[in-house]
Amino acid sequence: MDTVVEIRELHKHFGVIRAVDGINLSVKPGEIYGLLGPNGSGKTTLIRLLIGLLEPTSGSVTLLAQAMPDKAVLAQTGYMTQASALYEDLTVRENITFFAEMCGRIDRAWIDEVLELVELKDRSRSLVRTLSGGLKQRTSLACSLAHKPRLLLLDEPTVGIDPQLRATFWSYFRQLASSGVTLIVSSHVMDEAERCDRLGFMRLGKLLAEGSASELRDQANARTLEEAFLRFAVGNMEGGEG
Amino acid sequence: MSSRRVLTLAQRVMRQVLRDRRTVGLLIIGPMLVLSLGAVLFRSEPAVIPLGVVNEDQGLTVPIVGSIELGQRIVDELTAGDAFNVVFLDHHDVDARLRDGTVQGVIVFPEDFSSKFQENRQVVIDLHIEGSNPTRSMTIIARVTETSMKSLAELVGTSFAIPGSPQTSEGEAALPVVVQTTYLYAGEEFDTMDFVAPVYIAILALFFVFLLACVSFLRERSLGTMERLLATPATRIEIVLGYMLGLGLFALIQVAVILFYTVWVLEIHYLGSLGLLFLVIALLAVVGVNLGILASAFARNEFQVVQFIPLLIIPQILLGGTFWAVSEMPKYLQPFAYLMPIYYANQALRDVMLKGWGLVEIWPNMVILAGIAGVLIVAGALMMRREVA
Ligand SMILES: Nc1ncnc2c1ncn2[C@@H]1O[C@H](COP(=O)(O)OP(=O)(O)OP(=O)(O)O)[C@@H](O)[C@H]1O
Ligand SMILES: [Mg+2]
């Protein structure tokens, strides 16, 4: 299999808002693909389209060689929502076990490992209701990992997480990727973007540019990614008007 | 204390309420809907009740004065009025006709009816009623008493003016009519609560699980876990069925509590099998769970769930044959009764508790309830939404 994710001419319009406006994209196995863009640029919408939570206005999505929407594929994908969506009256472990079981996979040793990774081992019996925002975010990540997915879609996974744990997360993402897991990570934090294999700059539902961090910097003739993004954005605006 | 802050707060609250158009609409339309329904039902002209009469009265001949057939007098009065549609029966047919519902009450005038009147200075009317509908029974008793008294009043001033009548000594207040009622199904020991219990049980079984299901399903959306759940291989129908089973357990516990409490603590009389009762109530509870899941798709917050009470629950209670028999409701409201799940549960519960019927007789109502539950499951899965908006 040469691509894990294949998106063709994807559109999603909400009335006049073009949340996703003609995106083509492919992601290879074991790659970390970063979706970078400001608020409202369509990152969440794109991820929802990927797993079939939203129906595209037009275009197609193929995940793991299956045309979406396809429920069976979802057993091999993990999705971490932007806001931590958890059952507040269940414990950390109960939440994780529940989502693992919904994906048809329950491996206690693995769940222990996941708990270790997100540093929640000693809080695994706490009710989610009693957790701080960052701890909830970690639980949420654990829930999306619990069934050992082959493709991980993480919508701003490191928001609200302290710098130290953020670094741990990223080294773990790298470790997952080298074991063959494909990751799509959305973010608007530029320094995180450096750690991705490939980046897509998103703005107003469009993919402005694609490539590795250094490629993008060179292409835009910029010193930082931030600068590169701004140049692409300006270029796109001029192109759009011309 | 700053009046400015209070006013600003009030303004914000008003703005929010106004933005929730459905709430504003319901605040205005809700009471009108429920009031009109009540008014229509309370004011509806009582239907003409088919009443059987077995008249074997031999009459009474008093020397000099002449003869009188008191039974015939009352029958004439009953026929003349528009409360009853009088059907003449043979006394062998009484129970059969009551059972098949072609008459709802039967008055039997025995051979010695008139002479007994002479002896006792009192008219004793032997009334048989089917008995499973308390409001209907009360209407029949009241109308029969009224009509008989009217026919007796006509005797006043004739030579048959009640011999040694109490009215001379005790005034008009003493009523010379006694209606002795025999119930076909529920016996003497049944009081009003026994008659009302089946519908009470039905309302309770439906109401609480409806709210429970509606709120917990809504919460799944508002906390965002629905998004996560739909991103797993779980299908919509699996989610609905999972909820049905999970909440169904509590519904069953509640049903057991309701039954235990009504039967052993409140000592409600019932005739049929307790197991069958449990089954009917459990079916209704399943309907309640799925109705809640379906309704939650149309609510954005808990407040809008509460609004379903006047929209979905009260009409069920008013129109589902709970307090008004469907046949006595205005014609244009009757089709709605058949749309109410509680109607079928009411029927089945009354049949079991008051008539002592078994599965053989009540299965059609149970099949319809199960069918409604099935339709609601599918509709709930189809209408399921991911987001709150
Ligand atoms: N259900 C919806 N109805 C209408 N508009 C929507 C809906 N969902 C998203 N949008 C609009 O689509 C656009 C893209 O939204 P999206 O949530 O994908 O942005 P995002 O890149 O994830 O932003 P953020 O970084 O803030 O999470 C926004 O303008 C948003 O308002
Ligand atoms: Mg987003």
# chains A, B, ... in the order shown; residues from 1 in each chain; ligands from 1
>>> residues_around(residues="range 43-59 of chain A", least_positions_apart="6", cutoff="6 Å", atoms="only C-alpha atoms", output="PyMOL selection string")
chain A and resi 8-12+69
>>> write_last_selection(atoms="C-alpha atoms", output="tab-separated table (two decimals), in the first residue's frame")
chain	number	residue	atom	x	y	z
A	8	ARG	CA	-9.38	14.11	-4.20
A	9	GLU	CA	-10.99	17.47	-4.98
A	10	LEU	CA	-12.68	17.53	-1.60
A	11	HIS	CA	-15.26	20.25	-0.94
A	12	LYS	CA	-17.39	20.92	2.10
A	69	PRO	CA	-17.54	6.43	4.46
>>> residues_near_ligand(ligand="ligand 2", cutoff="8 Å", atoms="only C-alpha atoms and all ligand atoms", output="ChimeraX atom specification")
/A:39-40,42-45,82,155-156,186
>>> residues_around(residues="Leu359 in chain B", least_positions_apart="6", cutoff="9 Å", atoms="only C-alpha atoms", output="list of chain:residue names")
B:Leu276, B:Val352, B:Met366
>>> interface_residues(of="chain A", to="chain B", cutoff="7 Å", atoms="only C-alpha atoms", output="list in words")
Ile51, Leu53, Lys71, Ala72, Leu74, Ala75, Tyr79, Ala85, Leu86, Met102 and Cys103 of chain A
>>> select_by_dssp(residues="range 109-292 of chain B", states="strand (DSSP E)", output="list in words")
Phe109, Val123, Val124, Ile125, Asp126, Leu127, His128, Ile129, Val177, Val178, Val179, Gln180, Thr181, Thr182 and Tyr183 of chain B
>>> residues_around(residues="Leu208 in chain A", least_positions_apart="3", cutoff="9 Å", atoms="only C-alpha atoms", output="VMD selection string")
chain A and resid 200 to 203 229 232 to 233 236
>>> atom_distance(atom1="CA of Val265 in chain B", atom2="CA of Leu212 in chain B")
25.6 Å
>>> residues_around(residues="Ser212 in chain A", least_positions_apart="2", cutoff="7 Å", atoms="only C-alpha atoms", output="PDB file with C-alpha atoms, in the first residue's frame")
ATOM      1  CA  ASP A 197       7.566  14.904   8.073  1.00  0.00           C
ATOM      2  CA  ARG A 198       5.323  16.922   5.853  1.00  0.00           C
ATOM      3  CA  LEU A 199       3.181  19.981   6.357  1.00  0.00           C
ATOM      4  CA  SER A 214      12.662  23.164   5.287  1.00  0.00           C
ATOM      5  CA  GLU A 215      11.182  22.834   1.796  1.00  0.00           C
ATOM      6  CA  LEU A 216       8.449  25.297   2.681  1.00  0.00           C
TER       7      LEU A 216
END
